[in-house]
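Below: one structure, written as C-alpha cells.
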Amino acid sequence: MCKKFRQSGARGGDICLLCRAPANESGLCADCVADLPRLTHTCRRCALPLETSEADLCGECLASPPRFDATFASFSYADPVDHLVTELKYRGHLPVARLLAGQLAARVAGRRVDLLIPMPLHRDRLRERGFNQAAELCRALARHSGLPWSTSKLVRTRAGQSQRESNRRERQRNVRRAFEWTAPLPCPARVALVDDVLTTGATARAAAATLKQAGAEWVEVWAVARTPKR
Ligand SMILES: [Zn+2]
Ligand SMILES: [Zn+2]
C-alpha cells in the first residue's frame, strides 16, 4: 500500500493522518499503527538496528562509545515515518508532533530522568523555520510524562556544517563546539535529549558532551526515528 501523508482534521484527530480512515487516539488508524516500522532489537547505546543474534551494542559503540549513555528510538527512519517527520519539520504541521510524541512516550514509559531537553536549533535556523520540531515533541512528551522540560539552557552556537569546512577534522572540531550550557545552575544529573531523527549521532554526541561538562551524570537520547546504517 502506498501511503502518503494527508491533511488531517483541525485537531489532528478523528481522521488517520496517513490514510483518512477513522483514527484512534494516536492520530492514526489501527492498521497504520500496526504498519509503522517499529524498531525491535537495537544497540542500547545508539539505537542502531542489530541482527537479533548480535549482542546489545553495535560495533561502533564498542569501538568508540558516544558521550550519551543510551538511546531510545521508536521507529526506523523509513516510510511512512519519514513523511510524518517531513510534515512536521518542513511543512509546520504541528499536530504531527503530538502523534509522534505519543508513540515515543510509549517507548520511554517508565524511564526516570530529571529534565527533558530538546535538541536546540541555531537561532538563525529557528528564525527561518519559526519553531523547533524537537521542542514541539518535548512539549507533548512533557504532557504525557509530567516531566519538566526546558528549551533555554542548552544553546546551539554554530549553525551546522558549512561547505567551506571540507576538512573532516575541522568539521569534527566545529561540531564539538556547537553547544553551550547557559544556565546559572549545573545540569541536573539525568537528562533526556529529545530529537526527531538520530542520523549519524555526531550532533547528539556533541550535545551530550556539553551536558556532561555542565554536570549531567547520565544523558540518554529519545528520538522518534533512527536512520539505519547505509
Ligand atoms: Zn490509516
Ligand atoms: Zn551503537
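If you're wondering about the labels, chains in the C-alpha cells are A, B, ... by order shown, residues count from 1 in each chain, ligands from 1 in order shown.
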Contact residues around region 31-36 of chain A with only C-alpha atoms at 10 Å, ignoring same-chain residues under 6 positions, as a compact mmCIF listing (two decimals) with all heavy atoms, in the first residue's frame:
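Full text of around.txt as output:
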# COMPACT_ATOMS: atom_id res chain seq x y z
N LYS A 3 1.48 4.81 0.98
CA LYS A 3 0.89 5.70 1.96
C LYS A 3 1.54 7.07 1.88
O LYS A 3 2.74 7.20 1.92
CB LYS A 3 1.06 5.12 3.37
CG LYS A 3 0.10 3.98 3.59
CD LYS A 3 0.09 3.54 5.01
CE LYS A 3 1.32 2.76 5.38
NZ LYS A 3 1.20 2.05 6.64
N CYS A 16 -7.38 9.38 10.21
CA CYS A 16 -5.99 8.90 10.20
C CYS A 16 -5.13 9.84 9.37
O CYS A 16 -5.47 10.18 8.23
CB CYS A 16 -5.95 7.50 9.62
SG CYS A 16 -4.27 6.87 9.42
N LEU A 17 -3.99 10.25 9.93
CA LEU A 17 -3.10 11.19 9.25
C LEU A 17 -2.50 10.59 7.98
O LEU A 17 -2.01 11.31 7.13
CB LEU A 17 -1.96 11.59 10.19
CG LEU A 17 -2.34 12.55 11.32
CD1 LEU A 17 -1.26 12.56 12.38
CD2 LEU A 17 -2.57 13.95 10.79
N LEU A 18 -2.53 9.28 7.85
CA LEU A 18 -1.90 8.64 6.70
C LEU A 18 -2.89 8.18 5.64
O LEU A 18 -2.62 8.26 4.46
CB LEU A 18 -1.05 7.45 7.16
CG LEU A 18 0.22 7.82 7.94
CD1 LEU A 18 0.80 6.60 8.62
CD2 LEU A 18 1.24 8.48 7.05
N CYS A 19 -4.07 7.67 6.07
CA CYS A 19 -4.96 7.07 5.06
C CYS A 19 -6.39 7.57 5.12
O CYS A 19 -7.22 7.12 4.31
CB CYS A 19 -4.93 5.55 5.20
SG CYS A 19 -5.89 4.96 6.60
N ALA A 21 -8.76 6.93 7.10
CA ALA A 21 -9.74 6.06 7.77
C ALA A 21 -10.00 6.66 9.16
O ALA A 21 -9.24 7.51 9.61
CB ALA A 21 -9.17 4.65 7.89
N ALA A 23 -9.60 7.42 12.86
CA ALA A 23 -8.38 7.28 13.67
C ALA A 23 -8.73 6.98 15.11
O ALA A 23 -9.79 7.34 15.59
CB ALA A 23 -7.57 8.56 13.58
N ASN A 24 -7.81 6.33 15.80
CA ASN A 24 -7.95 6.21 17.25
C ASN A 24 -7.22 7.38 17.91
O ASN A 24 -6.79 8.31 17.23
CB ASN A 24 -7.45 4.83 17.74
CG ASN A 24 -6.00 4.58 17.37
OD1 ASN A 24 -5.21 5.51 17.31
ND2 ASN A 24 -5.65 3.33 17.12
N SER A 74 11.76 5.02 18.56
CA SER A 74 10.57 4.22 18.29
C SER A 74 10.64 3.50 16.96
O SER A 74 10.25 2.35 16.84
CB SER A 74 9.32 5.12 18.27
OG SER A 74 9.16 5.76 19.50
N PHE A 75 11.12 4.22 15.93
CA PHE A 75 10.98 3.71 14.57
C PHE A 75 12.27 3.78 13.78
O PHE A 75 13.14 4.60 14.05
CB PHE A 75 9.92 4.53 13.81
CG PHE A 75 8.60 4.59 14.50
CD1 PHE A 75 8.11 5.78 15.01
CD2 PHE A 75 7.83 3.43 14.67
CE1 PHE A 75 6.89 5.84 15.66
CE2 PHE A 75 6.61 3.48 15.32
CZ PHE A 75 6.14 4.69 15.82
N SER A 76 12.33 2.96 12.74
CA SER A 76 13.34 3.14 11.72
C SER A 76 12.92 4.35 10.88
O SER A 76 11.73 4.55 10.63
CB SER A 76 13.39 1.88 10.86
OG SER A 76 14.34 2.04 9.83
N ALA A 78 12.04 5.39 8.05
CA ALA A 78 11.61 4.80 6.77
C ALA A 78 10.15 5.17 6.56
O ALA A 78 9.50 5.70 7.47
CB ALA A 78 11.77 3.28 6.84
N ASP A 79 9.63 4.88 5.37
CA ASP A 79 8.24 5.15 5.05
C ASP A 79 7.32 4.46 6.05
O ASP A 79 7.54 3.29 6.36
CB ASP A 79 7.98 4.64 3.62
CG ASP A 79 6.57 4.88 3.15
OD1 ASP A 79 6.18 6.05 3.10
OD2 ASP A 79 5.85 3.90 2.87
N PRO A 80 6.29 5.08 6.61
CA PRO A 80 5.84 6.46 6.37
C PRO A 80 6.33 7.44 7.42
O PRO A 80 5.88 8.57 7.45
CB PRO A 80 4.32 6.32 6.46
CG PRO A 80 4.13 5.30 7.56
CD PRO A 80 5.31 4.34 7.45
N VAL A 81 7.25 6.99 8.31
CA VAL A 81 7.71 7.88 9.38
C VAL A 81 8.45 9.09 8.78
O VAL A 81 8.33 10.21 9.27
CB VAL A 81 8.61 7.10 10.38
CG1 VAL A 81 9.22 8.02 11.41
CG2 VAL A 81 7.78 6.01 11.07
N GLN A 103 3.79 8.19 20.33
CA GLN A 103 4.47 6.93 20.03
C GLN A 103 5.78 6.82 20.82
O GLN A 103 6.11 5.77 21.37
CB GLN A 103 4.77 6.84 18.52
CG GLN A 103 3.52 6.80 17.65
CD GLN A 103 2.72 5.51 17.85
OE1 GLN A 103 3.28 4.43 17.93
NE2 GLN A 103 1.41 5.64 17.95
For this session: Please identify every polymer residue within 12 Å of ligand 2, using only C-alpha atoms and all ligand atoms, and present the set as a PyMOL selection string.
Result: chain A and resi 41-50+54-72+198-201+205+226-229
Next, write the just-selected residues to a file, as a short mmCIF file (atom, residue, chain, number, x, y, z; two decimals), in the first residue's frame, keeping C-alpha atoms as the atom set.
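Result file out08.cif:
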data_model
loop_
_atom_site.label_atom_id
_atom_site.label_comp_id
_atom_site.auth_asym_id
_atom_site.auth_seq_id
_atom_site.Cartn_x
_atom_site.Cartn_y
_atom_site.Cartn_z
CA HIS A 41 16.43 -5.26 18.65
CA THR A 42 18.73 -2.21 18.73
CA CYS A 43 22.06 -1.09 20.16
CA ARG A 44 21.31 0.05 23.71
CA ARG A 45 23.73 2.93 23.33
CA CYS A 46 22.78 4.39 19.91
CA ALA A 47 19.59 2.50 18.86
CA LEU A 48 21.11 1.24 15.63
CA PRO A 49 19.10 -1.79 14.48
CA LEU A 50 21.01 -5.02 15.18
CA GLU A 54 24.04 -9.85 17.92
CA ALA A 55 24.75 -8.58 21.42
CA ASP A 56 23.20 -5.33 22.61
CA LEU A 57 25.97 -2.96 21.43
CA CYS A 58 26.85 -2.14 17.84
CA GLY A 59 30.43 -2.28 16.57
CA GLU A 60 30.82 1.49 16.54
CA CYS A 61 29.69 1.90 20.16
CA LEU A 62 32.06 -0.89 21.20
CA ALA A 63 34.97 0.76 19.38
CA SER A 64 34.18 4.38 20.22
CA PRO A 65 31.45 4.82 22.86
CA PRO A 66 29.47 8.05 22.42
CA ARG A 67 29.12 10.57 25.27
CA PHE A 68 25.44 9.74 25.59
CA ASP A 69 24.69 6.67 27.67
CA ALA A 70 21.63 5.21 25.96
CA THR A 71 19.22 5.86 23.10
CA PHE A 72 15.52 5.06 22.83
CA LEU A 198 19.02 10.37 15.09
CA THR A 199 21.15 10.07 11.96
CA THR A 200 24.92 9.78 12.43
CA GLY A 201 24.75 10.68 16.10
CA ARG A 205 27.48 13.21 20.82
CA ARG A 226 16.76 6.18 13.90
CA THR A 227 18.39 6.17 10.49
CA PRO A 228 19.56 2.64 9.74
CA LYS A 229 23.18 2.21 8.67
#
For this session: Might you pull out every residue within 6 Å of region 134-148 of chain A, with only C-alpha atoms counted and same-chain residues fewer than 6 positions away left off, and present them as number ranges by chain?
Result: A: 97-98, 101, 115, 118-119, 195-196
Mind the document's chain letters and residue numbers, and return as a PDB file with N, CA, C and O atoms, in the first residue's frame the residues of region 6-131 of chain A that DSSP labels strand (DSSP E).
ATOM      1  N   ALA A  70      22.640   6.126  26.506  1.00  0.00           N
ATOM      2  CA  ALA A  70      21.629   5.214  25.962  1.00  0.00           C
ATOM      3  C   ALA A  70      20.786   5.979  24.950  1.00  0.00           C
ATOM      4  O   ALA A  70      20.748   7.206  24.970  1.00  0.00           O
ATOM      5  N   THR A  71      20.141   5.233  24.060  1.00  0.00           N
ATOM      6  CA  THR A  71      19.217   5.855  23.100  1.00  0.00           C
ATOM      7  C   THR A  71      17.947   5.018  23.015  1.00  0.00           C
ATOM      8  O   THR A  71      18.013   3.790  22.970  1.00  0.00           O
ATOM      9  N   PHE A  72      16.825   5.706  23.011  1.00  0.00           N
ATOM     10  CA  PHE A  72      15.524   5.061  22.828  1.00  0.00           C
ATOM     11  C   PHE A  72      14.883   5.667  21.587  1.00  0.00           C
ATOM     12  O   PHE A  72      14.684   6.883  21.534  1.00  0.00           O
ATOM     13  N   ALA A  73      14.633   4.847  20.594  1.00  0.00           N
ATOM     14  CA  ALA A  73      14.021   5.330  19.351  1.00  0.00           C
ATOM     15  C   ALA A  73      12.849   4.420  19.019  1.00  0.00           C
ATOM     16  O   ALA A  73      12.934   3.200  19.179  1.00  0.00           O
ATOM     17  N   SER A  74      11.764   5.020  18.562  1.00  0.00           N
ATOM     18  CA  SER A  74      10.566   4.224  18.293  1.00  0.00           C
ATOM     19  C   SER A  74      10.644   3.497  16.959  1.00  0.00           C
ATOM     20  O   SER A  74      10.251   2.348  16.843  1.00  0.00           O
ATOM     21  N   PHE A  75      11.125   4.218  15.932  1.00  0.00           N
ATOM     22  CA  PHE A  75      10.976   3.706  14.569  1.00  0.00           C
ATOM     23  C   PHE A  75      12.270   3.776  13.775  1.00  0.00           C
ATOM     24  O   PHE A  75      13.145   4.601  14.054  1.00  0.00           O
ATOM     25  N   SER A  76      12.327   2.963  12.738  1.00  0.00           N
ATOM     26  CA  SER A  76      13.344   3.138  11.717  1.00  0.00           C
ATOM     27  C   SER A  76      12.916   4.348  10.877  1.00  0.00           C
ATOM     28  O   SER A  76      11.725   4.547  10.627  1.00  0.00           O
ATOM     29  N   LEU A 115      15.137  15.914  33.650  1.00  0.00           N
ATOM     30  CA  LEU A 115      14.802  17.024  32.749  1.00  0.00           C
ATOM     31  C   LEU A 115      14.814  16.542  31.304  1.00  0.00           C
ATOM     32  O   LEU A 115      15.688  15.760  30.910  1.00  0.00           O
ATOM     33  N   LEU A 116      13.840  17.025  30.519  1.00  0.00           N
ATOM     34  CA  LEU A 116      13.849  16.800  29.075  1.00  0.00           C
ATOM     35  C   LEU A 116      14.410  18.051  28.414  1.00  0.00           C
ATOM     36  O   LEU A 116      13.987  19.158  28.745  1.00  0.00           O
ATOM     37  N   ILE A 117      15.345  17.849  27.486  1.00  0.00           N
ATOM     38  CA  ILE A 117      15.904  18.991  26.757  1.00  0.00           C
ATOM     39  C   ILE A 117      15.778  18.705  25.265  1.00  0.00           C
ATOM     40  O   ILE A 117      16.303  17.693  24.784  1.00  0.00           O
ATOM     41  N   PRO A 118      15.087  19.565  24.516  1.00  0.00           N
ATOM     42  CA  PRO A 118      15.023  19.351  23.067  1.00  0.00           C
ATOM     43  C   PRO A 118      16.363  19.683  22.424  1.00  0.00           C
ATOM     44  O   PRO A 118      17.049  20.597  22.879  1.00  0.00           O
TER      45      PRO A 118
END
Near-Thr86 (chain A) list (12 Å; only C-alpha atoms; drop same-chain fewer than 3 positions) as a PDB file with all heavy atoms, in the first residue's frame:
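Writing the result to selection06.pdb gives the following:
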ATOM      1  N   LYS A   4       0.762   8.054   1.748  1.00  0.00           N
ATOM      2  CA  LYS A   4       1.243   9.434   1.703  1.00  0.00           C
ATOM      3  C   LYS A   4       0.518  10.194   2.801  1.00  0.00           C
ATOM      4  O   LYS A   4      -0.652   9.955   3.061  1.00  0.00           O
ATOM      5  CB  LYS A   4       0.900  10.070   0.351  1.00  0.00           C
ATOM      6  CG  LYS A   4       1.962   9.825  -0.713  1.00  0.00           C
ATOM      7  CD  LYS A   4       2.954  10.951  -0.650  1.00  0.00           C
ATOM      8  CE  LYS A   4       4.222  10.761  -1.389  1.00  0.00           C
ATOM      9  NZ  LYS A   4       4.432   9.751  -2.304  1.00  0.00           N
ATOM     10  N   PHE A   5       1.243  11.107   3.382  1.00  0.00           N
ATOM     11  CA  PHE A   5       0.619  11.925   4.403  1.00  0.00           C
ATOM     12  C   PHE A   5      -0.519  12.725   3.802  1.00  0.00           C
ATOM     13  O   PHE A   5      -0.407  13.281   2.729  1.00  0.00           O
ATOM     14  CB  PHE A   5       1.645  12.892   4.990  1.00  0.00           C
ATOM     15  CG  PHE A   5       1.059  13.772   6.038  1.00  0.00           C
ATOM     16  CD1 PHE A   5       1.045  13.367   7.344  1.00  0.00           C
ATOM     17  CD2 PHE A   5       0.501  14.976   5.701  1.00  0.00           C
ATOM     18  CE1 PHE A   5       0.476  14.162   8.310  1.00  0.00           C
ATOM     19  CE2 PHE A   5      -0.080  15.772   6.657  1.00  0.00           C
ATOM     20  CZ  PHE A   5      -0.085  15.365   7.970  1.00  0.00           C
ATOM     21  N   TYR A  77      13.881   5.147  10.456  1.00  0.00           N
ATOM     22  CA  TYR A  77      13.547   6.332   9.653  1.00  0.00           C
ATOM     23  C   TYR A  77      13.247   5.872   8.230  1.00  0.00           C
ATOM     24  O   TYR A  77      14.090   5.884   7.351  1.00  0.00           O
ATOM     25  CB  TYR A  77      14.697   7.332   9.697  1.00  0.00           C
ATOM     26  CG  TYR A  77      14.350   8.663   9.073  1.00  0.00           C
ATOM     27  CD1 TYR A  77      13.226   9.362   9.499  1.00  0.00           C
ATOM     28  CD2 TYR A  77      15.122   9.225   8.074  1.00  0.00           C
ATOM     29  CE1 TYR A  77      12.882  10.573   8.940  1.00  0.00           C
ATOM     30  CE2 TYR A  77      14.792  10.440   7.504  1.00  0.00           C
ATOM     31  CZ  TYR A  77      13.666  11.107   7.943  1.00  0.00           C
ATOM     32  OH  TYR A  77      13.330  12.315   7.380  1.00  0.00           O
ATOM     33  N   ALA A  78      12.038   5.390   8.046  1.00  0.00           N
ATOM     34  CA  ALA A  78      11.610   4.802   6.773  1.00  0.00           C
ATOM     35  C   ALA A  78      10.151   5.174   6.558  1.00  0.00           C
ATOM     36  O   ALA A  78       9.496   5.701   7.466  1.00  0.00           O
ATOM     37  CB  ALA A  78      11.767   3.279   6.840  1.00  0.00           C
ATOM     38  N   ASP A  79       9.632   4.882   5.373  1.00  0.00           N
ATOM     39  CA  ASP A  79       8.242   5.150   5.046  1.00  0.00           C
ATOM     40  C   ASP A  79       7.317   4.457   6.050  1.00  0.00           C
ATOM     41  O   ASP A  79       7.540   3.286   6.361  1.00  0.00           O
ATOM     42  CB  ASP A  79       7.978   4.636   3.617  1.00  0.00           C
ATOM     43  CG  ASP A  79       6.566   4.883   3.152  1.00  0.00           C
ATOM     44  OD1 ASP A  79       6.181   6.050   3.101  1.00  0.00           O
ATOM     45  OD2 ASP A  79       5.855   3.900   2.870  1.00  0.00           O
ATOM     46  N   PRO A  80       6.286   5.077   6.606  1.00  0.00           N
ATOM     47  CA  PRO A  80       5.840   6.455   6.369  1.00  0.00           C
ATOM     48  C   PRO A  80       6.325   7.441   7.423  1.00  0.00           C
ATOM     49  O   PRO A  80       5.879   8.575   7.447  1.00  0.00           O
ATOM     50  CB  PRO A  80       4.318   6.316   6.461  1.00  0.00           C
ATOM     51  CG  PRO A  80       4.134   5.302   7.562  1.00  0.00           C
ATOM     52  CD  PRO A  80       5.309   4.345   7.451  1.00  0.00           C
ATOM     53  N   VAL A  81       7.247   6.992   8.309  1.00  0.00           N
ATOM     54  CA  VAL A  81       7.712   7.884   9.381  1.00  0.00           C
ATOM     55  C   VAL A  81       8.449   9.090   8.782  1.00  0.00           C
ATOM     56  O   VAL A  81       8.325  10.214   9.270  1.00  0.00           O
ATOM     57  CB  VAL A  81       8.607   7.099  10.378  1.00  0.00           C
ATOM     58  CG1 VAL A  81       9.223   8.017  11.407  1.00  0.00           C
ATOM     59  CG2 VAL A  81       7.781   6.011  11.070  1.00  0.00           C
ATOM     60  N   ASP A  82       9.184   8.852   7.678  1.00  0.00           N
ATOM     61  CA  ASP A  82       9.878   9.988   7.038  1.00  0.00           C
ATOM     62  C   ASP A  82       8.874  11.030   6.534  1.00  0.00           C
ATOM     63  O   ASP A  82       9.106  12.233   6.655  1.00  0.00           O
ATOM     64  CB  ASP A  82      10.830   9.505   5.927  1.00  0.00           C
ATOM     65  CG  ASP A  82      10.166   8.586   4.914  1.00  0.00           C
ATOM     66  OD1 ASP A  82       8.986   8.242   5.090  1.00  0.00           O
ATOM     67  OD2 ASP A  82      10.831   8.206   3.935  1.00  0.00           O
ATOM     68  N   HIS A  83       7.721  10.570   6.004  1.00  0.00           N
ATOM     69  CA  HIS A  83       6.687  11.537   5.565  1.00  0.00           C
ATOM     70  C   HIS A  83       6.165  12.335   6.753  1.00  0.00           C
ATOM     71  O   HIS A  83       5.947  13.536   6.659  1.00  0.00           O
ATOM     72  CB  HIS A  83       5.485  10.811   4.943  1.00  0.00           C
ATOM     73  CG  HIS A  83       5.785  10.148   3.649  1.00  0.00           C
ATOM     74  ND1 HIS A  83       6.198  10.834   2.535  1.00  0.00           N
ATOM     75  CD2 HIS A  83       5.739   8.849   3.297  1.00  0.00           C
ATOM     76  CE1 HIS A  83       6.386   9.982   1.545  1.00  0.00           C
ATOM     77  NE2 HIS A  83       6.135   8.772   1.982  1.00  0.00           N
ATOM     78  N   LYS A  89       8.426  18.946  10.228  1.00  0.00           N
ATOM     79  CA  LYS A  89       9.618  19.790  10.207  1.00  0.00           C
ATOM     80  C   LYS A  89       9.572  20.842   9.104  1.00  0.00           C
ATOM     81  O   LYS A  89       9.908  21.987   9.328  1.00  0.00           O
ATOM     82  CB  LYS A  89      10.785  18.840   9.940  1.00  0.00           C
ATOM     83  CG  LYS A  89      12.086  19.245  10.523  1.00  0.00           C
ATOM     84  CD  LYS A  89      12.929  17.984  10.582  1.00  0.00           C
ATOM     85  CE  LYS A  89      14.389  18.255  10.543  1.00  0.00           C
ATOM     86  NZ  LYS A  89      15.151  17.009  10.733  1.00  0.00           N
ATOM     87  N   TYR A  90       9.170  20.436   7.923  1.00  0.00           N
ATOM     88  CA  TYR A  90       9.276  21.354   6.774  1.00  0.00           C
ATOM     89  C   TYR A  90       7.944  21.938   6.348  1.00  0.00           C
ATOM     90  O   TYR A  90       7.910  22.883   5.580  1.00  0.00           O
ATOM     91  CB  TYR A  90       9.954  20.644   5.598  1.00  0.00           C
ATOM     92  CG  TYR A  90      11.329  20.151   5.971  1.00  0.00           C
ATOM     93  CD1 TYR A  90      11.602  18.801   6.070  1.00  0.00           C
ATOM     94  CD2 TYR A  90      12.352  21.060   6.273  1.00  0.00           C
ATOM     95  CE1 TYR A  90      12.857  18.342   6.452  1.00  0.00           C
ATOM     96  CE2 TYR A  90      13.610  20.621   6.656  1.00  0.00           C
ATOM     97  CZ  TYR A  90      13.846  19.259   6.740  1.00  0.00           C
ATOM     98  OH  TYR A  90      15.088  18.827   7.129  1.00  0.00           O
ATOM     99  N   ARG A  91       6.828  21.354   6.806  1.00  0.00           N
ATOM    100  CA  ARG A  91       5.530  21.937   6.448  1.00  0.00           C
ATOM    101  C   ARG A  91       4.808  22.487   7.662  1.00  0.00           C
ATOM    102  O   ARG A  91       3.660  22.915   7.562  1.00  0.00           O
ATOM    103  CB  ARG A  91       4.658  20.913   5.716  1.00  0.00           C
ATOM    104  CG  ARG A  91       5.330  20.468   4.437  1.00  0.00           C
ATOM    105  CD  ARG A  91       4.408  19.763   3.479  1.00  0.00           C
ATOM    106  NE  ARG A  91       5.191  19.243   2.373  1.00  0.00           N
ATOM    107  CZ  ARG A  91       5.130  18.008   1.929  1.00  0.00           C
ATOM    108  NH1 ARG A  91       4.303  17.151   2.473  1.00  0.00           N
ATOM    109  NH2 ARG A  91       5.884  17.625   0.924  1.00  0.00           N
ATOM    110  N   GLY A  92       5.462  22.408   8.820  1.00  0.00           N
ATOM    111  CA  GLY A  92       4.904  23.034  10.017  1.00  0.00           C
ATOM    112  C   GLY A  92       3.571  22.472  10.467  1.00  0.00           C
ATOM    113  O   GLY A  92       2.772  23.184  11.064  1.00  0.00           O
ATOM    114  N   HIS A  93       3.343  21.182  10.188  1.00  0.00           N
ATOM    115  CA  HIS A  93       2.072  20.576  10.596  1.00  0.00           C
ATOM    116  C   HIS A  93       2.219  20.069  12.035  1.00  0.00           C
ATOM    117  O   HIS A  93       2.570  18.916  12.285  1.00  0.00           O
ATOM    118  CB  HIS A  93       1.720  19.448   9.628  1.00  0.00           C
ATOM    119  CG  HIS A  93       0.299  19.017   9.726  1.00  0.00           C
ATOM    120  ND1 HIS A  93      -0.740  19.730   9.188  1.00  0.00           N
ATOM    121  CD2 HIS A  93      -0.263  17.954  10.334  1.00  0.00           C
ATOM    122  CE1 HIS A  93      -1.880  19.114   9.459  1.00  0.00           C
ATOM    123  NE2 HIS A  93      -1.616  18.039  10.148  1.00  0.00           N
ATOM    124  N   LEU A  94       1.962  20.969  12.990  1.00  0.00           N
ATOM    125  CA  LEU A  94       2.298  20.697  14.386  1.00  0.00           C
ATOM    126  C   LEU A  94       1.519  19.550  15.045  1.00  0.00           C
ATOM    127  O   LEU A  94       2.066  18.899  15.944  1.00  0.00           O
ATOM    128  CB  LEU A  94       2.185  21.978  15.222  1.00  0.00           C
ATOM    129  CG  LEU A  94       3.147  23.102  14.784  1.00  0.00           C
ATOM    130  CD1 LEU A  94       3.018  24.297  15.721  1.00  0.00           C
ATOM    131  CD2 LEU A  94       4.601  22.642  14.742  1.00  0.00           C
ATOM    132  N   VAL A  96       1.274  16.729  14.084  1.00  0.00           N
ATOM    133  CA  VAL A  96       2.106  15.532  13.906  1.00  0.00           C
ATOM    134  C   VAL A  96       3.053  15.351  15.099  1.00  0.00           C
ATOM    135  O   VAL A  96       3.394  14.229  15.465  1.00  0.00           O
ATOM    136  CB  VAL A  96       2.888  15.605  12.570  1.00  0.00           C
ATOM    137  CG1 VAL A  96       3.824  14.426  12.418  1.00  0.00           C
ATOM    138  CG2 VAL A  96       1.921  15.660  11.405  1.00  0.00           C
ATOM    139  N   ALA A  97       3.455  16.456  15.728  1.00  0.00           N
ATOM    140  CA  ALA A  97       4.333  16.351  16.902  1.00  0.00           C
ATOM    141  C   ALA A  97       3.629  15.581  18.010  1.00  0.00           C
ATOM    142  O   ALA A  97       4.248  14.759  18.694  1.00  0.00           O
ATOM    143  CB  ALA A  97       4.740  17.745  17.391  1.00  0.00           C
ATOM    144  N   LEU A 100       3.633  11.818  16.999  1.00  0.00           N
ATOM    145  CA  LEU A 100       4.955  11.181  17.131  1.00  0.00           C
ATOM    146  C   LEU A 100       5.379  11.110  18.596  1.00  0.00           C
ATOM    147  O   LEU A 100       5.952  10.109  19.037  1.00  0.00           O
ATOM    148  CB  LEU A 100       5.990  11.934  16.294  1.00  0.00           C
ATOM    149  CG  LEU A 100       5.754  11.907  14.777  1.00  0.00           C
ATOM    150  CD1 LEU A 100       6.792  12.759  14.046  1.00  0.00           C
ATOM    151  CD2 LEU A 100       5.774  10.474  14.234  1.00  0.00           C
ATOM    152  N   GLN A 133      11.183  21.658  15.954  1.00  0.00           N
ATOM    153  CA  GLN A 133      10.372  20.435  15.981  1.00  0.00           C
ATOM    154  C   GLN A 133      10.661  19.598  17.228  1.00  0.00           C
ATOM    155  O   GLN A 133       9.753  18.957  17.776  1.00  0.00           O
ATOM    156  CB  GLN A 133      10.567  19.604  14.709  1.00  0.00           C
ATOM    157  CG  GLN A 133      11.910  18.921  14.536  1.00  0.00           C
ATOM    158  CD  GLN A 133      13.004  19.886  14.069  1.00  0.00           C
ATOM    159  OE1 GLN A 133      12.749  21.057  13.789  1.00  0.00           O
ATOM    160  NE2 GLN A 133      14.220  19.380  13.969  1.00  0.00           N
ATOM    161  N   ASP A 196      14.009  14.577  16.755  1.00  0.00           N
ATOM    162  CA  ASP A 196      13.099  13.877  15.850  1.00  0.00           C
ATOM    163  C   ASP A 196      13.786  12.660  15.233  1.00  0.00           C
ATOM    164  O   ASP A 196      13.269  11.554  15.302  1.00  0.00           O
ATOM    165  CB  ASP A 196      12.529  14.818  14.772  1.00  0.00           C
ATOM    166  CG  ASP A 196      13.583  15.605  14.035  1.00  0.00           C
ATOM    167  OD1 ASP A 196      14.732  15.666  14.508  1.00  0.00           O
ATOM    168  OD2 ASP A 196      13.283  16.171  12.971  1.00  0.00           O
ATOM    169  N   VAL A 197      14.966  12.849  14.655  1.00  0.00           N
ATOM    170  CA  VAL A 197      15.659  11.740  13.995  1.00  0.00           C
ATOM    171  C   VAL A 197      17.117  11.709  14.445  1.00  0.00           C
ATOM    172  O   VAL A 197      17.776  12.745  14.475  1.00  0.00           O
ATOM    173  CB  VAL A 197      15.625  11.898  12.454  1.00  0.00           C
ATOM    174  CG1 VAL A 197      16.276  10.700  11.770  1.00  0.00           C
ATOM    175  CG2 VAL A 197      14.187  12.055  11.959  1.00  0.00           C
TER     176      VAL A 197
END
For this session: Could you give me, as a ChimeraX atom specification, each residue of region 21-214 of chain A that DSSP assigns to alpha helix (DSSP H) when run on this structure's backbone?
Result: /A:30-35,59-63,81-89,95-107,123-129,133-145,168-176,202-213
For this session: Would you kindly return, as a ChimeraX atom specification, each protein, DNA or RNA residue with an atom no farther than 10 Å from any atom of Val191 (chain A), considering only C-alpha atoms and excluding same-chain residues fewer than 4 positions away?
Result: /A:68,112-117,149,187,208,211-212,216-221
For those residues, write C-alpha atoms to a file as an mmCIF file, in the first residue's frame.
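Saved file again22.cif follows:
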data_model
loop_
_atom_site.group_PDB
_atom_site.id
_atom_site.type_symbol
_atom_site.label_atom_id
_atom_site.label_comp_id
_atom_site.auth_asym_id
_atom_site.auth_seq_id
_atom_site.Cartn_x
_atom_site.Cartn_y
_atom_site.Cartn_z
ATOM 1 C CA PHE A 68 25.442 9.743 25.590
ATOM 2 C CA ARG A 112 13.429 8.128 35.100
ATOM 3 C CA VAL A 113 15.087 11.426 34.172
ATOM 4 C CA ASP A 114 15.195 14.843 35.839
ATOM 5 C CA LEU A 115 14.802 17.024 32.749
ATOM 6 C CA LEU A 116 13.849 16.800 29.075
ATOM 7 C CA ILE A 117 15.904 18.991 26.757
ATOM 8 C CA TRP A 149 11.436 20.370 30.082
ATOM 9 C CA CYS A 187 22.757 20.498 34.564
ATOM 10 C CA ALA A 208 25.799 15.122 25.323
ATOM 11 C CA LEU A 211 25.638 18.406 29.104
ATOM 12 C CA LYS A 212 28.214 16.210 30.849
ATOM 13 C CA ALA A 216 24.967 15.721 33.943
ATOM 14 C CA GLU A 217 25.850 12.213 35.090
ATOM 15 C CA TRP A 218 23.631 10.395 32.624
ATOM 16 C CA VAL A 219 22.411 11.566 29.218
ATOM 17 C CA GLU A 220 20.028 9.488 27.159
ATOM 18 C CA VAL A 221 18.689 10.319 23.712
#
Problem set entry | Spatial neighbours of Leu185 (chain A), 10 Å, only C-alpha atoms, chain gap at least 5 places, as number ranges by chain | A: 153, 214-215
For this session: Within 9 Å of Ala206 (chain A), counting only C-alpha atoms, which residues show up once you throw out same-chain ones fewer than 4 positions away? Write them as a PyMOL selection string, please.
Result: chain A and resi 67+175-179+201-202+210-211
Exercise. For ligand 1, which of A:Gln213, A:Thr52, A:Thr157, A:Ser26 is the closest residue, counting only C-alpha atoms and all ligand atoms?
Worked result: A:Ser26
Exercise. Which distance in Å separates CA of Ala109 (chain A) and CA of Thr151 (chain A), to one decimal?
Worked result: 21.7 Å
